[in-house]
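*Asks:* Below are the structure tokens for one structure; questions will follow.
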Amino acid sequence: MTQDEMKQKVAEAALEYVRAGTIVGVGTGSTANMFIDALAGMKDEILGTVASSEATATRLAGHGIPVLGLNEALQQVDSLSVYVDGADEFDAERNLTKGGGGALTREKIVAAAAVQFVCIVDQTKQVEYLGDFPLPIEVIPMARELIMAEVVKLGGRPVLRDGFITDNGNIIVDVHGMKIKDPLGLEDHLNSIPGVVTNGIFSHQGADIVLMATPDGVEKI
Ligand SMILES: O=C(CO)[C@H](O)[C@H](O)COP(=O)(O)O
């Protein structure tokens, strides 16, 4: 089975967590895109969606799925029923690295607004420790050199994501070479550096359920 076929299977499996009459948070990336395509079949059952990126909003709207702003949604309901998104890595405690697509800040915000975070991945994303995948940090542009110097002090190798601007108008610094043994501590530490908008460790907003596709089927972790 190819990686895309596994992504397709897990995207479809996530439909089980979508409840009629609720607002659904929707992630960003190739696996999330497959979920969006599958969700189109339920568009008349749900109240609407909140998108974690402009790209996701465009794809949802292309299917005729209603897209609400988060503020608008939270004026109608106390919380989103579920947030469904992919990840770049996950560990046994369901800590995640996200932001390969650069949407980490909005993803973290929408995840925080949901009762349940269902993370959809294929087996290639499973790791013992986060950090093999370069850790993205969304940075206010004027703080770039300050933050890169702080990352070097932490033992990481910061690389500016060339030519990339986030939906929020900021830049991304990808940190290579970190073995992340304390995801919660590093998430907090990086977020405390002035100029960091957020980083791609999702430990506070870790997944409640990871659905992992393998060639033999979808496992729930
Ligand atoms: O965090 C993300 C985007 O910011 C994605 O969830 C992550 O990059 C995984 O993407 P894909 O499903 O394409 O492998």
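The way I read the labels, and the way they are meant: chains A, B, ... in the order of the structure tokens, residue 1 as the first residue of every chain, and ligand 1 as the first ligand shown, with later ones counted on from there.
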Using only C-alpha atoms, which protein or nucleic acid residues come within 10 Å of segment 47-62 of chain A? Drop anything in the same chain fewer than 5 positions from it, and give the result as a ChimeraX atom specification.

*Replies:* /A:19-29,32-33,36-37,39-40,67-73,76,80,82-83,85,101-111,113,166-168

*Asks:* Export N, CA and C atoms of the chosen residues as a short mmCIF file (atom, residue, chain, number, x, y, z; two decimals), in the first residue's frame?

*Replies:*
data_model
loop_
_atom_site.label_atom_id
_atom_site.label_comp_id
_atom_site.auth_asym_id
_atom_site.auth_seq_id
_atom_site.Cartn_x
_atom_site.Cartn_y
_atom_site.Cartn_z
N ARG A 19 -19.61 14.63 14.37
CA ARG A 19 -20.99 14.49 14.85
C ARG A 19 -21.91 15.47 14.15
N ALA A 20 -23.10 14.99 13.81
CA ALA A 20 -24.10 15.83 13.13
C ALA A 20 -24.46 17.02 14.02
N GLY A 21 -24.72 18.16 13.38
CA GLY A 21 -25.20 19.34 14.11
C GLY A 21 -24.12 20.08 14.88
N THR A 22 -22.83 19.78 14.60
CA THR A 22 -21.74 20.45 15.32
C THR A 22 -20.83 21.19 14.33
N ILE A 23 -19.93 22.00 14.92
CA ILE A 23 -18.93 22.70 14.10
C ILE A 23 -17.60 21.95 14.24
N VAL A 24 -16.98 21.69 13.10
CA VAL A 24 -15.80 20.82 13.03
C VAL A 24 -14.56 21.66 12.69
N GLY A 25 -13.49 21.51 13.45
CA GLY A 25 -12.22 22.17 13.12
C GLY A 25 -11.46 21.32 12.11
N VAL A 26 -10.88 21.98 11.12
CA VAL A 26 -10.23 21.23 10.04
C VAL A 26 -8.78 21.70 9.85
N GLY A 27 -7.88 20.72 9.82
CA GLY A 27 -6.44 20.98 9.73
C GLY A 27 -5.98 21.27 8.31
N THR A 28 -4.65 21.22 8.17
CA THR A 28 -3.98 21.63 6.93
C THR A 28 -2.98 20.55 6.51
N GLY A 29 -2.87 20.35 5.20
CA GLY A 29 -1.86 19.40 4.70
C GLY A 29 -2.51 18.37 3.80
N ALA A 32 -5.04 16.09 5.72
CA ALA A 32 -6.24 16.90 6.02
C ALA A 32 -7.03 17.16 4.74
N ASN A 33 -6.35 17.35 3.63
CA ASN A 33 -7.08 17.56 2.36
C ASN A 33 -7.95 16.35 2.01
N ILE A 36 -10.95 16.50 4.11
CA ILE A 36 -11.90 17.50 3.60
C ILE A 36 -12.74 16.89 2.47
N ASP A 37 -12.07 16.18 1.58
CA ASP A 37 -12.79 15.57 0.45
C ASP A 37 -13.82 14.55 0.96
N LEU A 39 -15.19 14.63 3.97
CA LEU A 39 -16.19 15.37 4.75
C LEU A 39 -17.28 15.95 3.85
N ALA A 40 -16.94 16.15 2.60
CA ALA A 40 -17.93 16.71 1.65
C ALA A 40 -19.20 15.87 1.63
N VAL A 67 -17.84 27.46 5.85
CA VAL A 67 -16.63 27.79 6.63
C VAL A 67 -16.94 29.03 7.46
N LEU A 68 -16.70 28.92 8.76
CA LEU A 68 -16.93 30.04 9.68
C LEU A 68 -15.58 30.51 10.22
N GLY A 69 -15.50 31.80 10.58
CA GLY A 69 -14.35 32.25 11.35
C GLY A 69 -14.46 31.66 12.75
N LEU A 70 -13.33 31.54 13.44
CA LEU A 70 -13.38 30.94 14.79
C LEU A 70 -14.22 31.80 15.73
N ASN A 71 -14.07 33.13 15.64
CA ASN A 71 -14.84 33.99 16.54
C ASN A 71 -16.34 33.84 16.29
N GLU A 72 -16.68 33.79 15.02
CA GLU A 72 -18.08 33.62 14.62
C GLU A 72 -18.62 32.28 15.17
N ALA A 73 -17.81 31.24 15.03
CA ALA A 73 -18.24 29.90 15.49
C ALA A 73 -18.48 29.89 17.00
N GLN A 76 -21.61 30.97 18.47
CA GLN A 76 -22.76 30.07 18.29
C GLN A 76 -22.70 28.85 19.20
N LEU A 80 -15.77 23.70 19.50
CA LEU A 80 -15.88 22.85 18.32
C LEU A 80 -15.94 21.41 18.84
N VAL A 82 -14.85 18.64 17.40
CA VAL A 82 -13.64 17.87 17.09
C VAL A 82 -12.74 18.70 16.19
N TYR A 83 -11.43 18.46 16.32
CA TYR A 83 -10.45 19.04 15.39
C TYR A 83 -9.73 17.86 14.74
N ASP A 85 -6.76 16.74 12.11
CA ASP A 85 -5.57 17.25 11.41
C ASP A 85 -4.49 16.18 11.36
N GLY A 101 3.56 22.36 6.95
CA GLY A 101 2.89 23.22 5.96
C GLY A 101 2.85 24.67 6.38
N GLY A 102 3.41 24.97 7.55
CA GLY A 102 3.52 26.36 7.99
C GLY A 102 2.27 26.92 8.65
N ALA A 103 1.30 26.06 8.94
CA ALA A 103 0.01 26.55 9.49
C ALA A 103 -0.08 26.34 11.00
N LEU A 104 1.07 26.12 11.66
CA LEU A 104 1.06 25.68 13.06
C LEU A 104 0.29 26.56 14.01
N THR A 105 0.37 27.89 13.84
CA THR A 105 -0.28 28.78 14.83
C THR A 105 -1.79 28.65 14.76
N ARG A 106 -2.34 28.74 13.57
CA ARG A 106 -3.80 28.62 13.46
C ARG A 106 -4.24 27.20 13.82
N GLU A 107 -3.40 26.21 13.49
CA GLU A 107 -3.74 24.83 13.86
C GLU A 107 -3.84 24.70 15.38
N LYS A 108 -2.88 25.32 16.08
CA LYS A 108 -2.90 25.21 17.56
C LYS A 108 -4.11 25.93 18.13
N ILE A 109 -4.45 27.06 17.54
CA ILE A 109 -5.61 27.82 18.03
C ILE A 109 -6.90 27.01 17.82
N VAL A 110 -7.06 26.46 16.63
CA VAL A 110 -8.31 25.72 16.36
C VAL A 110 -8.35 24.44 17.20
N ALA A 111 -7.21 23.79 17.37
CA ALA A 111 -7.17 22.60 18.23
C ALA A 111 -7.59 22.94 19.65
N ALA A 113 -9.63 25.10 20.59
CA ALA A 113 -11.06 25.42 20.66
C ALA A 113 -11.94 24.18 20.55
N THR A 166 3.74 33.12 6.46
CA THR A 166 2.56 32.43 6.98
C THR A 166 1.29 33.23 6.68
N ASP A 167 0.15 32.59 6.92
CA ASP A 167 -1.14 33.28 6.74
C ASP A 167 -1.25 34.49 7.67
N ASN A 168 -0.41 34.51 8.71
CA ASN A 168 -0.44 35.63 9.67
C ASN A 168 0.60 36.69 9.33
#

*Asks:* Considering only helix (DSSP H, G or I) as DSSP defines it on the backbone, what residues of segment 9-221 of chain A qualify? List them as a PyMOL selection string.

*Replies:* chain A and resi 9-17+30-42+54-62+70-76+104-112+123-125+141-153+183-191

*Asks:* Pick out the closest residue to His189 of chain A from this set: A:Glu5, A:Lys43, A:Ile201, A:Asp132. Count only C-alpha atoms.

*Replies:* A:Ile201

*Asks:* What gap, in Å, lies between atom 4 (O, counted along the ligand's line) of ligand 1 and atom CA of Gly100 of chain A?

*Replies:*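 Those two atoms sit 4.7 Å apart.
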
*Asks:* In terms of the shortest atom-to-atom distance over only C-alpha atoms, which of A:Val115, A:Leu130, A:Ala11, A:Met6 is closest to Glu187 of chain A?

*Replies:*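 Closest to Glu187 of chain A, using only C-alpha atoms: A:Leu130.
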
*Asks:* Name the closest residue to Glu16 of chain A among the candidates A:Val118, A:Asp91, A:Asp44, A:Phe133; distances are taken between atoms, counting only C-alpha atoms.

*Replies:*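 With only C-alpha atoms as the atom set, the closest residue is A:Val118.
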
*Asks:* Could you give me, as a list of chain:residue names, the residues within 9 Å of Asn95 of chain A, counting only C-alpha atoms and dropping anything in the same chain fewer than 6 positions from it?

*Replies:*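 Counting only the stated atoms, we get A:Glu89, A:Leu130, A:Pro183, A:Leu184, A:Ile201, A:Phe202, A:Ser203, A:His204, A:Gln205, A:Gly206, A:Ala207.
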
*Asks:* Write the residues you've just listed into a file as a PDB file, in the first residue's frame, and include N, CA and C atoms for each of them.

*Replies:*
ATOM      1  N   GLU A  89       5.069  14.341  13.037  1.00  0.00           N
ATOM      2  CA  GLU A  89       5.586  13.269  13.899  1.00  0.00           C
ATOM      3  C   GLU A  89       4.636  13.114  15.084  1.00  0.00           C
ATOM      4  N   LEU A 130      10.315  13.142  19.441  1.00  0.00           N
ATOM      5  CA  LEU A 130      10.133  14.170  18.424  1.00  0.00           C
ATOM      6  C   LEU A 130      11.486  14.808  18.104  1.00  0.00           C
ATOM      7  N   PRO A 183       8.995  17.352  25.571  1.00  0.00           N
ATOM      8  CA  PRO A 183       8.221  18.186  24.643  1.00  0.00           C
ATOM      9  C   PRO A 183       7.482  19.337  25.318  1.00  0.00           C
ATOM     10  N   LEU A 184       6.885  19.061  26.483  1.00  0.00           N
ATOM     11  CA  LEU A 184       6.127  20.113  27.166  1.00  0.00           C
ATOM     12  C   LEU A 184       7.062  21.257  27.580  1.00  0.00           C
ATOM     13  N   ILE A 201       5.633  22.216  18.442  1.00  0.00           N
ATOM     14  CA  ILE A 201       5.392  21.121  19.394  1.00  0.00           C
ATOM     15  C   ILE A 201       3.954  21.264  19.888  1.00  0.00           C
ATOM     16  N   PHE A 202       3.178  20.215  19.703  1.00  0.00           N
ATOM     17  CA  PHE A 202       1.810  20.176  20.229  1.00  0.00           C
ATOM     18  C   PHE A 202       1.808  19.192  21.385  1.00  0.00           C
ATOM     19  N   SER A 203       2.141  19.729  22.584  1.00  0.00           N
ATOM     20  CA  SER A 203       2.126  18.904  23.785  1.00  0.00           C
ATOM     21  C   SER A 203       0.962  19.367  24.657  1.00  0.00           C
ATOM     22  N   HIS A 204       0.877  20.686  24.875  1.00  0.00           N
ATOM     23  CA  HIS A 204      -0.327  21.219  25.544  1.00  0.00           C
ATOM     24  C   HIS A 204      -1.569  20.867  24.713  1.00  0.00           C
ATOM     25  N   GLN A 205      -1.452  21.000  23.425  1.00  0.00           N
ATOM     26  CA  GLN A 205      -2.564  20.679  22.522  1.00  0.00           C
ATOM     27  C   GLN A 205      -2.284  19.359  21.799  1.00  0.00           C
ATOM     28  N   GLY A 206      -1.746  18.386  22.537  1.00  0.00           N
ATOM     29  CA  GLY A 206      -1.484  17.077  21.939  1.00  0.00           C
ATOM     30  C   GLY A 206      -2.783  16.403  21.515  1.00  0.00           C
ATOM     31  N   ALA A 207      -2.650  15.346  20.739  1.00  0.00           N
ATOM     32  CA  ALA A 207      -3.852  14.671  20.230  1.00  0.00           C
ATOM     33  C   ALA A 207      -4.529  13.874  21.346  1.00  0.00           C
TER      34      ALA A 207
END

*Asks:* As a PyMOL selection string, please: every residue in chain A that DSSP puts in strand (DSSP E).

*Replies:* chain A and resi 23-26+48-51+67-68+82-85+89-90+96-97+117-122+135-139+157-160+171-176+196-199+201-202+209-214+217-220

*Asks:* Would you mind exporting C-alpha atoms of the selected residues as a PDB file, in the first residue's frame?

*Replies:*
ATOM      1  CA  ILE A  23     -18.929  22.700  14.098  1.00  0.00           C
ATOM      2  CA  VAL A  24     -15.796  20.823  13.032  1.00  0.00           C
ATOM      3  CA  GLY A  25     -12.220  22.170  13.121  1.00  0.00           C
ATOM      4  CA  VAL A  26     -10.228  21.227  10.042  1.00  0.00           C
ATOM      5  CA  GLY A  48     -20.101  24.202   9.649  1.00  0.00           C
ATOM      6  CA  THR A  49     -16.326  24.129   9.864  1.00  0.00           C
ATOM      7  CA  VAL A  50     -13.456  26.311  11.082  1.00  0.00           C
ATOM      8  CA  ALA A  51     -10.340  26.171   8.905  1.00  0.00           C
ATOM      9  CA  VAL A  67     -16.630  27.790   6.628  1.00  0.00           C
ATOM     10  CA  LEU A  68     -16.927  30.044   9.678  1.00  0.00           C
ATOM     11  CA  VAL A  82     -13.641  17.871  17.093  1.00  0.00           C
ATOM     12  CA  TYR A  83     -10.455  19.036  15.394  1.00  0.00           C
ATOM     13  CA  VAL A  84      -9.103  16.715  12.702  1.00  0.00           C
ATOM     14  CA  ASP A  85      -5.573  17.254  11.409  1.00  0.00           C
ATOM     15  CA  GLU A  89       5.586  13.269  13.899  1.00  0.00           C
ATOM     16  CA  PHE A  90       3.898  11.745  16.925  1.00  0.00           C
ATOM     17  CA  LEU A  96       3.065  15.978  18.010  1.00  0.00           C
ATOM     18  CA  THR A  97       5.342  17.982  15.779  1.00  0.00           C
ATOM     19  CA  PHE A 117      -8.260  16.458  18.691  1.00  0.00           C
ATOM     20  CA  VAL A 118      -8.196  13.485  16.324  1.00  0.00           C
ATOM     21  CA  CYS A 119      -4.811  13.278  14.614  1.00  0.00           C
ATOM     22  CA  ILE A 120      -4.681  11.378  11.317  1.00  0.00           C
ATOM     23  CA  VAL A 121      -1.327   9.977  10.253  1.00  0.00           C
ATOM     24  CA  ASP A 122       0.291   7.092   8.451  1.00  0.00           C
ATOM     25  CA  LEU A 135      10.731  21.775  14.343  1.00  0.00           C
ATOM     26  CA  PRO A 136       8.970  24.827  12.873  1.00  0.00           C
ATOM     27  CA  ILE A 137       8.757  28.075  14.819  1.00  0.00           C
ATOM     28  CA  GLU A 138       6.547  30.938  13.612  1.00  0.00           C
ATOM     29  CA  VAL A 139       8.486  34.142  14.209  1.00  0.00           C
ATOM     30  CA  ARG A 157      20.415  24.376  13.999  1.00  0.00           C
ATOM     31  CA  PRO A 158      17.961  27.059  12.861  1.00  0.00           C
ATOM     32  CA  VAL A 159      17.197  27.400   9.153  1.00  0.00           C
ATOM     33  CA  LEU A 160      14.995  30.169   7.782  1.00  0.00           C
ATOM     34  CA  ILE A 171       8.244  33.850   8.875  1.00  0.00           C
ATOM     35  CA  ILE A 172       9.130  30.264   9.800  1.00  0.00           C
ATOM     36  CA  VAL A 173      12.422  29.102  11.306  1.00  0.00           C
ATOM     37  CA  ASP A 174      12.887  25.311  11.097  1.00  0.00           C
ATOM     38  CA  VAL A 175      15.056  23.838  13.848  1.00  0.00           C
ATOM     39  CA  HIS A 176      17.183  20.835  12.844  1.00  0.00           C
ATOM     40  CA  VAL A 196       8.015  33.622  18.924  1.00  0.00           C
ATOM     41  CA  VAL A 197       4.375  33.399  17.887  1.00  0.00           C
ATOM     42  CA  THR A 198       4.282  29.684  18.593  1.00  0.00           C
ATOM     43  CA  ASN A 199       6.287  26.556  17.857  1.00  0.00           C
ATOM     44  CA  ILE A 201       5.392  21.121  19.394  1.00  0.00           C
ATOM     45  CA  PHE A 202       1.810  20.176  20.229  1.00  0.00           C
ATOM     46  CA  ILE A 209      -6.652  10.171  19.656  1.00  0.00           C
ATOM     47  CA  VAL A 210      -4.100   9.286  16.998  1.00  0.00           C
ATOM     48  CA  LEU A 211      -5.475   7.261  14.100  1.00  0.00           C
ATOM     49  CA  MET A 212      -2.488   5.642  12.397  1.00  0.00           C
ATOM     50  CA  ALA A 213      -2.792   3.961   9.015  1.00  0.00           C
ATOM     51  CA  THR A 214      -0.710   0.860   8.330  1.00  0.00           C
ATOM     52  CA  GLY A 217      -5.610  -1.140   8.580  1.00  0.00           C
ATOM     53  CA  VAL A 218      -6.121   1.847  10.867  1.00  0.00           C
ATOM     54  CA  GLU A 219      -4.890   1.622  14.489  1.00  0.00           C
ATOM     55  CA  LYS A 220      -6.201   3.807  17.304  1.00  0.00           C
TER      56      LYS A 220
END

*Asks:* Taking only C-alpha atoms and all ligand atoms into account, which of A:Gly169, A:Pro141, A:Gly64, A:Gly200 comes nearest ligand 1?

*Replies:*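 Among A:Gly169, A:Pro141, A:Gly64, A:Gly200, it is A:Gly200 that comes nearest to ligand 1.
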
*Asks:* With only C-alpha atoms and all ligand atoms as the atoms that count, which of A:Glu45, A:Pro134, A:Asp78, A:Met1 lies nearest to ligand 1?

*Replies:* A:Pro134

*Asks:* Could you tell me which of A:Gly131, A:Gly156, A:Gly163, A:Pro66 comes closest to Lys181 of chain A if we count only C-alpha atoms?

*Replies:*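 Distance minimum relative to Lys181 of chain A lands on A:Gly131.
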
*Asks:* Could you state the separation of atom CA of Glu150 of chain A and atom CA of Leu190 of chain A in Å, given to one decimal place?

*Replies:*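 Taking atom CA of Glu150 of chain A and atom CA of Leu190 of chain A, their separation equals 8.8 Å.
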